[in-house]
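Containing compact mmCIF, C-alpha atoms and all ligand atoms: target-v9.txt.
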```
# COMPACT_ATOMS: atom_id res chain seq x y z
CA MET G 13 0.00 0.00 0.00
CA GLY G 14 1.09 3.54 -0.50
CA GLN G 15 2.88 5.64 2.00
CA ARG G 16 2.34 9.35 2.36
CA PHE G 17 5.67 11.04 1.81
CA HIS G 18 6.66 13.77 4.26
CA ALA G 19 9.33 15.87 2.64
CA ARG G 20 12.13 17.38 4.64
CA VAL G 21 11.28 20.98 5.48
CA PRO G 22 13.70 23.02 3.42
CA ALA G 23 15.97 25.60 5.01
CA PRO G 24 14.36 29.08 4.90
CA ALA G 25 16.63 30.19 2.05
CA GLN G 26 15.41 27.28 -0.10
CA ARG G 27 11.73 27.50 0.78
CA ARG G 28 9.51 27.99 -2.23
CA PRO G 29 6.45 30.23 -2.03
CA CYS G 30 4.15 27.79 -3.87
CA LEU G 31 4.35 24.99 -1.27
CA SER G 32 1.08 26.09 0.31
CA ALA G 33 -0.70 25.14 -2.95
CA GLN G 34 0.52 21.56 -3.11
CA ARG G 35 -1.43 19.28 -5.46
CA PRO G 36 -2.07 15.64 -4.49
CA ALA G 37 -0.35 13.06 -6.69
CA THR G 38 0.61 9.39 -6.74
CA LEU G 39 4.15 8.21 -7.55
CA ILE G 40 4.57 4.65 -8.81
CA TYR G 41 8.25 3.73 -8.70
CA ASN G 42 9.85 0.80 -10.54
CA PRO G 43 12.97 -0.18 -8.56
CA ARG G 44 14.02 -2.49 -11.46
CA ALA G 45 14.41 0.36 -13.96
CA GLY G 46 17.98 0.89 -15.18
CA SER G 47 18.54 4.38 -13.75
CA SER G 48 16.75 3.88 -10.43
CA HIS G 49 20.09 4.33 -8.61
CA ARG G 50 20.17 7.92 -9.91
CA ALA G 51 16.85 8.76 -8.31
CA PRO G 52 15.93 6.85 -5.12
CA PRO G 53 12.23 7.08 -4.16
CA GLY G 54 12.76 9.54 -1.30
CA ALA G 55 14.77 11.92 -3.49
CA LEU G 56 12.12 11.77 -6.24
CA CYS G 57 9.36 12.52 -3.72
CA GLN G 58 11.37 15.50 -2.51
CA ALA G 59 11.89 16.75 -6.07
CA LEU G 60 8.15 16.44 -6.79
CA HIS G 61 7.44 18.18 -3.50
CA ASP G 62 9.66 21.03 -4.74
CA ALA G 63 7.43 21.12 -7.85
CA ALA G 64 4.40 21.54 -5.52
CA PHE G 65 3.07 17.96 -5.53
CA ALA G 66 2.09 16.19 -2.29
CA VAL G 67 3.03 12.63 -3.20
CA THR G 68 1.75 9.23 -2.10
CA LEU G 69 4.48 6.71 -2.96
CA HIS G 70 4.08 3.11 -4.18
CA VAL G 71 7.23 1.10 -4.90
CA THR G 72 6.06 -1.81 -7.07
CA ALA G 73 7.99 -5.07 -7.27
CA HIS G 74 6.13 -6.39 -10.36
CA PRO G 75 4.14 -4.87 -13.22
CA GLU G 76 1.28 -7.27 -12.34
CA LEU G 77 0.59 -5.05 -9.31
CA LEU G 78 -0.28 -2.11 -11.53
CA GLY G 79 -3.78 -3.23 -12.58
CA PRO G 80 -5.40 -3.28 -9.14
CA LEU G 81 -3.41 -0.25 -7.99
CA LEU G 82 -4.35 1.93 -10.97
CA ALA G 83 -7.99 0.84 -10.86
CA GLN G 84 -8.33 2.61 -7.54
CA THR G 85 -6.13 5.64 -8.29
CA SER G 86 -7.12 8.84 -10.07
CA GLY G 87 -5.74 12.36 -10.46
CA THR G 88 -2.07 12.95 -11.22
CA ILE G 89 -0.01 9.75 -11.38
CA PHE G 90 3.75 9.80 -11.90
CA LEU G 91 5.35 6.65 -13.29
CA ALA G 92 9.09 6.39 -12.59
CA GLY G 93 10.85 3.93 -14.90
CA GLY G 94 11.75 3.34 -18.52
CA ASP G 95 9.49 2.94 -21.55
CA GLY G 96 8.54 -0.56 -20.35
CA THR G 97 7.24 0.84 -17.06
CA LEU G 98 5.24 3.48 -18.86
CA ARG G 99 3.72 0.97 -21.28
CA ALA G 100 2.82 -1.39 -18.41
CA GLY G 101 1.01 1.40 -16.58
CA ALA G 102 -0.49 3.32 -19.50
CA LEU G 103 -2.27 0.30 -20.99
CA HIS G 104 -4.43 0.20 -17.85
CA LEU G 105 -5.34 3.86 -18.28
CA LEU G 106 -6.60 4.16 -21.86
CA GLY G 107 -9.77 6.23 -21.93
CA ARG G 108 -9.45 7.31 -18.29
CA PRO G 109 -9.99 11.11 -18.43
CA ASP G 110 -9.76 11.21 -14.62
CA VAL G 111 -6.01 10.46 -14.81
CA THR G 112 -3.10 12.65 -15.89
CA LEU G 113 0.21 10.80 -16.23
CA GLY G 114 3.67 12.18 -15.64
CA VAL G 115 6.73 10.24 -16.82
CA LEU G 116 9.90 10.25 -14.75
CA PRO G 117 12.58 8.96 -17.14
CA MET G 118 14.66 6.20 -15.54
CA GLY G 119 15.28 3.95 -18.56
CA THR G 120 17.84 3.94 -21.37
CA ALA G 121 16.00 5.44 -24.34
CA ASN G 122 12.97 7.09 -22.65
CA ASN G 123 11.29 7.57 -26.03
CA VAL G 124 7.92 8.64 -24.63
CA ALA G 125 9.40 11.02 -22.07
CA ARG G 126 11.51 12.68 -24.79
CA ALA G 127 8.41 13.18 -26.92
CA LEU G 128 7.02 15.23 -24.03
CA ASN G 129 10.16 17.31 -23.48
CA VAL G 130 10.85 15.36 -20.29
CA GLN G 131 14.49 14.35 -20.44
CA GLY G 132 17.79 14.34 -18.60
CA ASP G 133 18.36 13.69 -14.94
CA PRO G 134 15.16 12.24 -13.37
CA LEU G 135 15.37 14.48 -10.30
CA ALA G 136 15.73 17.63 -12.43
CA ALA G 137 12.88 16.38 -14.65
CA ALA G 138 10.69 15.93 -11.56
CA ARG G 139 11.35 19.51 -10.45
CA ARG G 140 10.40 20.81 -13.93
CA PHE G 141 6.94 19.23 -13.56
CA GLY G 142 6.05 22.41 -11.65
CA GLN G 143 5.71 24.10 -15.08
CA ALA G 144 4.27 21.09 -16.98
CA ARG G 145 0.81 21.13 -18.60
CA PRO G 146 -1.58 18.23 -19.35
CA SER G 147 -1.63 17.39 -23.04
CA PRO G 148 -3.55 14.78 -25.08
CA PHE G 149 -1.44 11.78 -26.06
CA ASP G 150 -2.41 9.66 -29.06
CA VAL G 151 -2.08 5.89 -28.93
CA GLY G 152 -1.85 3.39 -31.80
CA ARG G 153 -4.14 0.37 -32.17
CA ILE G 154 -3.07 -2.66 -34.22
CA ARG G 155 -5.39 -5.47 -35.29
CA GLY G 156 -4.22 -8.72 -36.83
CA SER G 157 -5.53 -12.26 -36.91
CA TRP G 158 -4.02 -12.67 -33.43
CA GLY G 159 -6.32 -10.00 -31.97
CA GLU G 160 -6.02 -6.34 -30.98
CA ASP G 161 -3.19 -4.52 -29.20
CA TYR G 162 -2.16 -0.95 -28.41
CA PHE G 163 1.18 0.78 -28.69
CA LEU G 164 2.59 4.05 -27.39
CA GLU G 165 5.75 4.37 -29.51
CA ALA G 166 5.55 2.34 -32.70
CA CYS G 167 4.60 -0.90 -34.36
CA GLY G 168 6.23 -2.43 -37.38
CA CYS G 169 7.68 -5.32 -39.31
CA GLY G 170 10.92 -5.98 -41.15
CA LEU G 171 14.42 -5.63 -39.78
CA PHE G 172 13.72 -4.01 -36.42
CA ALA G 173 11.00 -6.51 -35.58
CA ASP G 174 13.24 -9.37 -36.71
CA ILE G 175 16.11 -8.13 -34.53
CA LEU G 176 13.78 -7.88 -31.52
CA ASP G 177 12.39 -11.34 -32.26
CA ASP G 178 15.88 -12.86 -32.36
CA TYR G 179 16.98 -10.90 -29.28
CA GLY G 180 14.00 -11.84 -27.10
CA PRO G 181 12.83 -8.59 -25.46
CA HIS G 182 11.91 -10.32 -22.20
CA LEU G 183 15.27 -12.03 -21.67
CA ALA G 184 17.99 -10.40 -19.57
CA LYS G 185 19.61 -7.47 -21.39
CA SER G 186 22.90 -8.13 -23.17
CA PRO G 187 24.69 -5.72 -25.56
CA VAL G 188 26.63 -8.66 -27.03
CA ARG G 189 23.43 -10.61 -27.75
CA ALA G 190 21.87 -7.43 -29.20
CA LEU G 191 24.79 -7.03 -31.62
CA GLY G 192 24.55 -10.70 -32.55
CA SER G 193 20.81 -10.34 -33.25
CA ALA G 194 21.38 -7.26 -35.42
CA LEU G 195 24.08 -9.01 -37.46
CA GLU G 196 21.94 -12.11 -37.83
CA ALA G 197 18.89 -10.13 -38.96
CA PHE G 198 20.89 -8.07 -41.48
CA ALA G 199 22.43 -11.25 -42.90
CA MET G 200 19.18 -13.21 -43.14
CA HIS G 201 16.61 -10.54 -43.96
CA GLN G 202 14.65 -10.77 -47.20
CA PRO G 203 12.85 -7.53 -48.23
CA LEU G 204 9.08 -7.77 -47.80
CA GLY G 205 6.77 -7.04 -50.73
CA LEU G 206 3.74 -5.64 -48.90
CA HIS G 207 0.70 -3.86 -50.30
CA VAL G 208 0.05 -0.81 -48.10
CA THR G 209 -2.75 1.78 -47.96
CA VAL G 210 -2.73 5.02 -45.98
CA ASP G 211 -6.20 6.41 -45.21
CA GLY G 212 -7.63 4.27 -48.00
CA ARG G 213 -5.07 5.31 -50.67
CA PRO G 214 -2.50 2.80 -51.94
CA VAL G 215 1.07 4.02 -51.50
CA PRO G 216 4.08 2.89 -53.54
CA SER G 217 5.01 -0.44 -52.05
CA PRO G 218 8.34 -1.69 -53.36
CA PRO G 219 9.92 -4.43 -51.25
CA VAL G 220 10.83 -2.94 -47.89
CA ALA G 221 13.57 -3.71 -45.41
CA VAL G 222 11.77 -1.87 -42.59
CA LEU G 223 8.18 -0.73 -42.18
CA GLU G 224 7.31 1.16 -39.00
CA VAL G 225 4.20 3.07 -37.95
CA MET G 226 5.46 5.68 -35.50
CA ASN G 227 3.62 7.65 -32.81
CA THR G 228 6.68 9.00 -31.01
CA PRO G 229 9.69 10.41 -32.94
CA SER G 230 11.89 7.54 -31.73
CA THR G 231 11.39 3.94 -30.67
CA GLY G 232 13.38 1.00 -29.38
CA ASN G 233 16.87 1.81 -28.27
CA GLY G 234 16.54 5.43 -29.39
CA LEU G 235 15.88 4.77 -33.11
CA HIS G 236 15.08 8.30 -34.27
CA LEU G 237 12.99 7.43 -37.31
CA ALA G 238 10.31 10.16 -37.37
CA PRO G 239 11.79 13.35 -35.95
CA HIS G 240 8.74 15.43 -36.89
CA ALA G 241 6.17 13.09 -35.33
CA ARG G 242 3.99 14.60 -32.62
CA VAL G 243 2.09 12.61 -30.02
CA ASP G 244 -0.84 15.04 -29.90
CA ASP G 245 -1.67 15.60 -33.59
CA GLY G 246 -4.14 12.74 -34.11
CA LEU G 247 -1.79 11.19 -36.68
CA LEU G 248 0.68 8.33 -36.97
CA ASN G 249 3.63 8.24 -39.39
CA LEU G 250 4.42 5.40 -41.74
CA VAL G 251 8.20 5.08 -42.18
CA ARG G 252 9.37 2.77 -44.94
CA VAL G 253 12.92 1.79 -45.78
CA ASP G 254 13.18 0.70 -49.38
CA GLY G 255 14.80 -2.72 -49.50
CA LEU G 256 15.76 -2.53 -53.18
CA ARG G 257 18.24 0.29 -52.72
CA ARG G 258 19.62 -1.15 -49.52
CA ALA G 259 22.42 1.03 -48.24
CA PRO G 260 25.35 -0.59 -46.46
CA MET G 261 24.63 -1.37 -42.83
CA LEU G 262 27.17 1.19 -41.64
CA THR G 263 25.37 3.97 -43.55
CA TYR G 264 22.17 3.16 -41.66
CA ALA G 265 23.95 2.84 -38.32
CA HIS G 266 25.77 6.14 -38.84
CA ALA G 267 22.58 7.97 -39.87
CA LEU G 268 20.68 6.56 -36.87
CA ARG G 269 23.38 7.79 -34.55
CA ARG G 270 23.43 11.26 -36.12
CA GLY G 271 19.62 11.59 -36.26
CA THR G 272 19.65 11.85 -40.07
CA PHE G 273 18.09 8.47 -40.88
CA HIS G 274 14.91 10.06 -42.27
CA GLN G 275 17.02 11.98 -44.81
CA LEU G 276 18.46 8.88 -46.48
CA PRO G 277 17.18 8.49 -50.08
CA SER G 278 15.82 5.00 -49.35
CA VAL G 279 13.71 6.21 -46.40
CA HIS G 280 10.15 7.49 -47.02
CA SER G 281 7.44 8.63 -44.65
CA ALA G 282 3.71 9.30 -44.86
CA PRO G 283 1.43 10.63 -42.11
CA GLY G 284 -2.06 9.21 -41.74
CA ARG G 285 -4.80 7.95 -39.45
CA ARG G 286 -5.34 4.41 -40.73
CA PHE G 287 -2.88 2.05 -42.36
CA VAL G 288 -3.68 -1.33 -43.90
CA ILE G 289 -0.71 -3.61 -44.53
CA ALA G 290 -0.61 -7.03 -46.16
CA ASP G 291 0.08 -9.84 -43.72
CA GLN G 292 2.42 -12.50 -45.04
CA GLY G 293 3.05 -14.03 -41.64
CA GLN G 294 5.93 -11.63 -40.87
CA VAL G 295 6.70 -10.93 -37.23
CA TRP G 296 5.35 -7.62 -35.85
CA HIS G 297 6.56 -5.64 -32.91
CA LEU G 298 4.30 -3.26 -31.00
CA ASP G 299 6.59 -1.34 -28.71
CA THR G 300 8.61 -4.27 -27.29
CA GLU G 301 5.88 -6.90 -27.60
CA LEU G 302 5.96 -9.35 -30.52
CA ARG G 303 3.08 -10.84 -32.52
CA ARG G 304 2.82 -13.10 -35.56
CA SER G 305 -0.25 -14.12 -37.46
CA ALA G 306 -1.12 -17.79 -37.27
CA VAL G 307 -3.17 -17.45 -40.49
CA PRO G 308 -1.24 -15.24 -42.96
CA GLY G 309 -2.85 -13.92 -46.10
CA GLY G 310 -5.08 -11.24 -44.61
CA VAL G 311 -4.20 -7.72 -43.52
CA VAL G 312 -2.94 -5.95 -40.43
CA GLU G 313 -4.78 -2.72 -39.63
CA VAL G 314 -3.13 0.08 -37.69
CA GLU G 315 -4.98 3.21 -36.63
CA VAL G 316 -4.58 6.12 -34.30
CA VAL G 317 -6.71 6.55 -31.19
CA PRO G 318 -6.45 10.32 -30.75
CA GLY G 319 -5.95 11.58 -27.20
CA ALA G 320 -6.42 8.16 -25.56
CA LEU G 321 -4.19 9.32 -22.69
CA ARG G 322 -3.44 12.59 -20.92
CA LEU G 323 0.22 13.18 -20.17
CA LEU G 324 2.14 16.04 -18.61
CA ARG G 325 4.24 17.89 -21.20
CA ALA G 326 7.18 20.01 -20.04
CA PRO G 327 7.61 23.44 -21.62
CA ASP G 328 9.82 23.64 -24.73
CA GLN G 329 13.46 24.09 -23.76
CA ALA G 330 13.62 27.41 -25.56
CA GLY G 331 10.34 28.64 -24.01
N1 LIG X 401 5.68 -0.73 -12.06
C1 LIG X 401 6.60 -1.70 -12.20
N2 LIG X 401 7.16 -2.26 -11.12
C2 LIG X 401 8.11 -3.21 -11.24
N3 LIG X 401 8.58 -3.67 -12.41
C3 LIG X 401 8.07 -3.14 -13.52
C4 LIG X 401 7.06 -2.12 -13.47
N4 LIG X 401 6.76 -1.76 -14.73
C5 LIG X 401 7.54 -2.51 -15.53
N5 LIG X 401 8.33 -3.33 -14.82
C6 LIG X 401 9.38 -4.27 -15.32
O1 LIG X 401 10.67 -3.69 -15.01
C7 LIG X 401 11.61 -3.98 -16.05
C8 LIG X 401 12.39 -2.74 -16.44
O2 LIG X 401 11.51 -1.68 -16.77
P1 LIG X 401 11.79 -0.60 -17.89
O3 LIG X 401 11.83 -1.24 -19.23
O4 LIG X 401 10.81 0.48 -17.68
O5 LIG X 401 13.21 -0.04 -17.49
P2 LIG X 401 14.58 -0.18 -18.25
O6 LIG X 401 14.82 -1.61 -18.58
O7 LIG X 401 15.60 0.51 -17.42
O8 LIG X 401 14.31 0.68 -19.55
P3 LIG X 401 15.05 0.59 -20.95
O9 LIG X 401 14.42 -0.59 -21.65
O10 LIG X 401 14.74 1.88 -21.61
O11 LIG X 401 16.51 0.39 -20.65
C9 LIG X 401 10.79 -4.55 -17.19
O12 LIG X 401 11.06 -5.93 -17.22
C10 LIG X 401 9.35 -4.33 -16.82
O13 LIG X 401 8.50 -5.41 -17.19
```

With the file now loaded, output its structure as structure tokens.
Ligand SMILES: Nc1ncnc2c1ncn2[C@@H]1O[C@H](COP(=O)(O)OP(=O)(O)OP(=O)(O)O)[C@@H](O)[C@H]1O
Amino acid sequence: MGQRFHARVPAPAQRRPCLSAQRPATLIYNPRAGSSHRAPPGALCQALHDAAFAVTLHVTAHPELLGPLLAQTSGTIFLAGGDGTLRAGALHLLGRPDVTLGVLPMGTANNVARALNVQGDPLAAARRFGQARPSPFDVGRIRGSWGEDYFLEACGCGLFADILDDYGPHLAKSPVRALGSALEAFAMHQPLGLHVTVDGRPVPSPPVAVLEVMNTPSTGNGLHLAPHARVDDGLLNLVRVDGLRRAPMLTYAHALRRGTFHQLPSVHSAPGRRFVIADQGQVWHLDTELRRSAVPGGVVEVEVVPGALRLLRAPDQAG
């Protein structure tokens, strides 16, 4: 059960005038997240207290605890963890207008937090929530013969999905295994010839090496595929990497690192609300989950669910 956090009373010189107007909030803290050592629960509570939130803290040992906990929680909820923590919590909160989520970035890539201008040191990010504003957050829905799922960042097929499939997203992390999976997928991958429509219109569909439908600008381990994507515009972005003009692997890797992947001549993008993609039994990822159709030959439908969540957005850095 949660514990009410009593912050240390700051020395008079540090006292902030807004503390009398503290807003109630819940902090759900994942102690298994990679950067949890940088922001212990007490320090995060203090930082949120500095941002004028009176926090009730829950440290959760397993994501399975989130369902019952979130069912009885409303108002402002902070989730402290990586993208996996956010996904685990947010899927319980779709269509809950009584909840506003704040993301405290304690993972490696923090793709969702970055899309909301929440980045850097988790304690500094928590303090900046004093100036944050609730903003609608679109979610993607994907339907295949396996059923229906939701994603926050992206879904897709081709190389990235194949790498994830080989790597096994739920096994213990290993950079060596990740490199092995990438090399294996590049060596084995056959471009996919997939008929695709965007909002009912067929788009050029040469064989592709990668096909991703992005909600956030980046996905996975910081793959910055759609830098202009916004999470509050009611649109998703189809990103297609042409498999016929396959650039050398190092060109892709270099462009991903420099954030110029979308500028490569073999990379194309198209915004839209509804995407229909031929299903040849290829493996799909939706965020870090994997799916594969047991009965290929049909289609996979992907569409945006505008404003399915409400998340706190930090002000633009320049603003
Ligand atoms: N509320 C939670 N409490 C405990 N464990 C959780 C919770 N939410 C998710 N988890 C599990 O904790 C693990 C790590 O979470 P997460 O992916 O958020 O952090 P990370 O691994 O540091 O992030 P990244 O993948 O960006 O490096 C995952 O296996 C996830 O299933």

Exercise for the section: Within 6 Å of ligand LIG 401 (chain X), which residues show up when you count all atoms listed in the file? List them as JSON, numbers by chain, please. Expected result: {"G": [42, 44, 45, 46, 72, 73, 74, 75, 93, 94, 95, 96, 97, 100, 119, 120, 121, 122]}

Would you put the residues from that selection into a file with C-alpha atoms, as a PDB file, in the frame of the given file?
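Contents of selection21.pdb, freshly written:
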```
ATOM      1  CA  ASN G  42       9.850   0.800 -10.540  1.00  0.00           C
ATOM      2  CA  ARG G  44      14.020  -2.490 -11.460  1.00  0.00           C
ATOM      3  CA  ALA G  45      14.410   0.360 -13.960  1.00  0.00           C
ATOM      4  CA  GLY G  46      17.980   0.890 -15.180  1.00  0.00           C
ATOM      5  CA  THR G  72       6.060  -1.810  -7.070  1.00  0.00           C
ATOM      6  CA  ALA G  73       7.990  -5.070  -7.270  1.00  0.00           C
ATOM      7  CA  HIS G  74       6.130  -6.390 -10.360  1.00  0.00           C
ATOM      8  CA  PRO G  75       4.140  -4.870 -13.220  1.00  0.00           C
ATOM      9  CA  GLY G  93      10.850   3.930 -14.900  1.00  0.00           C
ATOM     10  CA  GLY G  94      11.750   3.340 -18.520  1.00  0.00           C
ATOM     11  CA  ASP G  95       9.490   2.940 -21.550  1.00  0.00           C
ATOM     12  CA  GLY G  96       8.540  -0.560 -20.350  1.00  0.00           C
ATOM     13  CA  THR G  97       7.240   0.840 -17.060  1.00  0.00           C
ATOM     14  CA  ALA G 100       2.820  -1.390 -18.410  1.00  0.00           C
ATOM     15  CA  GLY G 119      15.280   3.950 -18.560  1.00  0.00           C
ATOM     16  CA  THR G 120      17.840   3.940 -21.370  1.00  0.00           C
ATOM     17  CA  ALA G 121      16.000   5.440 -24.340  1.00  0.00           C
ATOM     18  CA  ASN G 122      12.970   7.090 -22.650  1.00  0.00           C
TER      19      ASN G 122
END
```

Practice task
Rank nothing, just name the residue among G:Met261, G:Ala66, G:Ala241, G:Val71 nearest to Pro229 of chain G, using all atoms listed in the file.
Solution key: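 Closest residue, counting all atoms listed in the file: G:Ala241.
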
Exercise for the section: Skip His104 of chain G itself and residues of its chain fewer than 5 positions away, then list as number ranges by chain all residues within 12 Å of it, counting all atoms listed in the file. Expected result: G: 75-86, 97-99, 111, 113, 162, 320-321

Exercise for the section: Give me the residues within 6 Å of segment 168-176 of chain G as a ChimeraX atom specification, counting all atoms listed in the file and dropping any in the same chain fewer than 6 places off. Expected result: /G:193-194,197,221-225,296-297

Quick one: axis-aligned box around all listed atoms of segment 162-174 of chain G, 8 Å on every side, centre and edge lengths in Å to one decimal, written as lines of an AutoDock Vina configuration file.
```
center_x = 6.1
center_y = -2.5
center_z = -34.3
size_x = 32.6
size_y = 29.7
size_z = 29.8
```

Would you mind putting back N, CA and C atoms on segment 39-66 of chain G, then writing it out as a PDB file, in the frame of the given file?
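part.pdb was written with the following content:
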```
ATOM      1  N   LEU G  39       2.903   8.578  -6.865  1.00  0.00           N
ATOM      2  CA  LEU G  39       4.150   8.210  -7.550  1.00  0.00           C
ATOM      3  C   LEU G  39       4.277   6.692  -7.522  1.00  0.00           C
ATOM      4  N   ILE G  40       4.337   6.090  -8.706  1.00  0.00           N
ATOM      5  CA  ILE G  40       4.570   4.650  -8.810  1.00  0.00           C
ATOM      6  C   ILE G  40       6.006   4.464  -9.288  1.00  0.00           C
ATOM      7  N   TYR G  41       6.794   3.790  -8.507  1.00  0.00           N
ATOM      8  CA  TYR G  41       8.250   3.730  -8.700  1.00  0.00           C
ATOM      9  C   TYR G  41       8.666   2.303  -9.008  1.00  0.00           C
ATOM     10  N   ASN G  42       9.347   2.128 -10.172  1.00  0.00           N
ATOM     11  CA  ASN G  42       9.850   0.800 -10.540  1.00  0.00           C
ATOM     12  C   ASN G  42      11.311   0.672 -10.116  1.00  0.00           C
ATOM     13  N   PRO G  43      11.585  -0.076  -9.035  1.00  0.00           N
ATOM     14  CA  PRO G  43      12.970  -0.180  -8.560  1.00  0.00           C
ATOM     15  C   PRO G  43      13.854  -0.988  -9.507  1.00  0.00           C
ATOM     16  N   ARG G  44      13.239  -1.673 -10.508  1.00  0.00           N
ATOM     17  CA  ARG G  44      14.020  -2.490 -11.460  1.00  0.00           C
ATOM     18  C   ARG G  44      14.467  -1.685 -12.672  1.00  0.00           C
ATOM     19  N   ALA G  45      14.024  -0.446 -12.794  1.00  0.00           N
ATOM     20  CA  ALA G  45      14.410   0.360 -13.960  1.00  0.00           C
ATOM     21  C   ALA G  45      15.902   0.682 -13.891  1.00  0.00           C
ATOM     22  N   GLY G  46      16.520   0.783 -15.083  1.00  0.00           N
ATOM     23  CA  GLY G  46      17.980   0.890 -15.180  1.00  0.00           C
ATOM     24  C   GLY G  46      18.597   2.042 -14.409  1.00  0.00           C
ATOM     25  N   SER G  47      17.940   3.208 -14.398  1.00  0.00           N
ATOM     26  CA  SER G  47      18.540   4.380 -13.750  1.00  0.00           C
ATOM     27  C   SER G  47      17.975   4.650 -12.363  1.00  0.00           C
ATOM     28  N   SER G  48      17.381   3.631 -11.729  1.00  0.00           N
ATOM     29  CA  SER G  48      16.750   3.880 -10.430  1.00  0.00           C
ATOM     30  C   SER G  48      17.783   4.336  -9.390  1.00  0.00           C
ATOM     31  N   HIS G  49      19.056   3.913  -9.572  1.00  0.00           N
ATOM     32  CA  HIS G  49      20.090   4.330  -8.610  1.00  0.00           C
ATOM     33  C   HIS G  49      20.313   5.848  -8.657  1.00  0.00           C
ATOM     34  N   ARG G  50      19.961   6.472  -9.796  1.00  0.00           N
ATOM     35  CA  ARG G  50      20.170   7.920  -9.910  1.00  0.00           C
ATOM     36  C   ARG G  50      19.070   8.715  -9.215  1.00  0.00           C
ATOM     37  N   ALA G  51      17.973   8.042  -8.896  1.00  0.00           N
ATOM     38  CA  ALA G  51      16.850   8.760  -8.310  1.00  0.00           C
ATOM     39  C   ALA G  51      16.111   7.844  -7.338  1.00  0.00           C
ATOM     40  N   PRO G  52      16.635   7.683  -6.109  1.00  0.00           N
ATOM     41  CA  PRO G  52      15.930   6.850  -5.120  1.00  0.00           C
ATOM     42  C   PRO G  52      14.546   7.440  -4.818  1.00  0.00           C
ATOM     43  N   PRO G  53      13.606   6.599  -4.340  1.00  0.00           N
ATOM     44  CA  PRO G  53      12.230   7.080  -4.160  1.00  0.00           C
ATOM     45  C   PRO G  53      12.111   8.329  -3.297  1.00  0.00           C
ATOM     46  N   GLY G  54      12.860   8.371  -2.189  1.00  0.00           N
ATOM     47  CA  GLY G  54      12.760   9.540  -1.300  1.00  0.00           C
ATOM     48  C   GLY G  54      13.188  10.816  -2.010  1.00  0.00           C
ATOM     49  N   ALA G  55      14.275  10.732  -2.786  1.00  0.00           N
ATOM     50  CA  ALA G  55      14.770  11.920  -3.490  1.00  0.00           C
ATOM     51  C   ALA G  55      13.763  12.366  -4.563  1.00  0.00           C
ATOM     52  N   LEU G  56      13.121  11.395  -5.225  1.00  0.00           N
ATOM     53  CA  LEU G  56      12.120  11.770  -6.240  1.00  0.00           C
ATOM     54  C   LEU G  56      10.914  12.445  -5.589  1.00  0.00           C
ATOM     55  N   CYS G  57      10.495  11.896  -4.434  1.00  0.00           N
ATOM     56  CA  CYS G  57       9.360  12.520  -3.720  1.00  0.00           C
ATOM     57  C   CYS G  57       9.715  13.953  -3.343  1.00  0.00           C
ATOM     58  N   GLN G  58      10.940  14.156  -2.883  1.00  0.00           N
ATOM     59  CA  GLN G  58      11.370  15.500  -2.510  1.00  0.00           C
ATOM     60  C   GLN G  58      11.351  16.433  -3.722  1.00  0.00           C
ATOM     61  N   ALA G  59      11.851  15.917  -4.860  1.00  0.00           N
ATOM     62  CA  ALA G  59      11.890  16.750  -6.070  1.00  0.00           C
ATOM     63  C   ALA G  59      10.470  17.101  -6.525  1.00  0.00           C
ATOM     64  N   LEU G  60       9.535  16.141  -6.414  1.00  0.00           N
ATOM     65  CA  LEU G  60       8.150  16.440  -6.790  1.00  0.00           C
ATOM     66  C   LEU G  60       7.508  17.395  -5.786  1.00  0.00           C
ATOM     67  N   HIS G  61       7.906  17.245  -4.530  1.00  0.00           N
ATOM     68  CA  HIS G  61       7.440  18.180  -3.500  1.00  0.00           C
ATOM     69  C   HIS G  61       7.902  19.592  -3.839  1.00  0.00           C
ATOM     70  N   ASP G  62       9.144  19.715  -4.318  1.00  0.00           N
ATOM     71  CA  ASP G  62       9.660  21.030  -4.740  1.00  0.00           C
ATOM     72  C   ASP G  62       8.861  21.589  -5.913  1.00  0.00           C
ATOM     73  N   ALA G  63       8.268  20.680  -6.719  1.00  0.00           N
ATOM     74  CA  ALA G  63       7.430  21.120  -7.850  1.00  0.00           C
ATOM     75  C   ALA G  63       5.970  21.280  -7.422  1.00  0.00           C
ATOM     76  N   ALA G  64       5.734  21.266  -6.102  1.00  0.00           N
ATOM     77  CA  ALA G  64       4.400  21.540  -5.520  1.00  0.00           C
ATOM     78  C   ALA G  64       3.426  20.367  -5.651  1.00  0.00           C
ATOM     79  N   PHE G  65       3.947  19.130  -5.575  1.00  0.00           N
ATOM     80  CA  PHE G  65       3.070  17.960  -5.530  1.00  0.00           C
ATOM     81  C   PHE G  65       3.216  17.284  -4.159  1.00  0.00           C
ATOM     82  N   ALA G  66       2.093  16.972  -3.531  1.00  0.00           N
ATOM     83  CA  ALA G  66       2.090  16.190  -2.290  1.00  0.00           C
ATOM     84  C   ALA G  66       1.894  14.734  -2.699  1.00  0.00           C
TER      85      ALA G  66
END
```
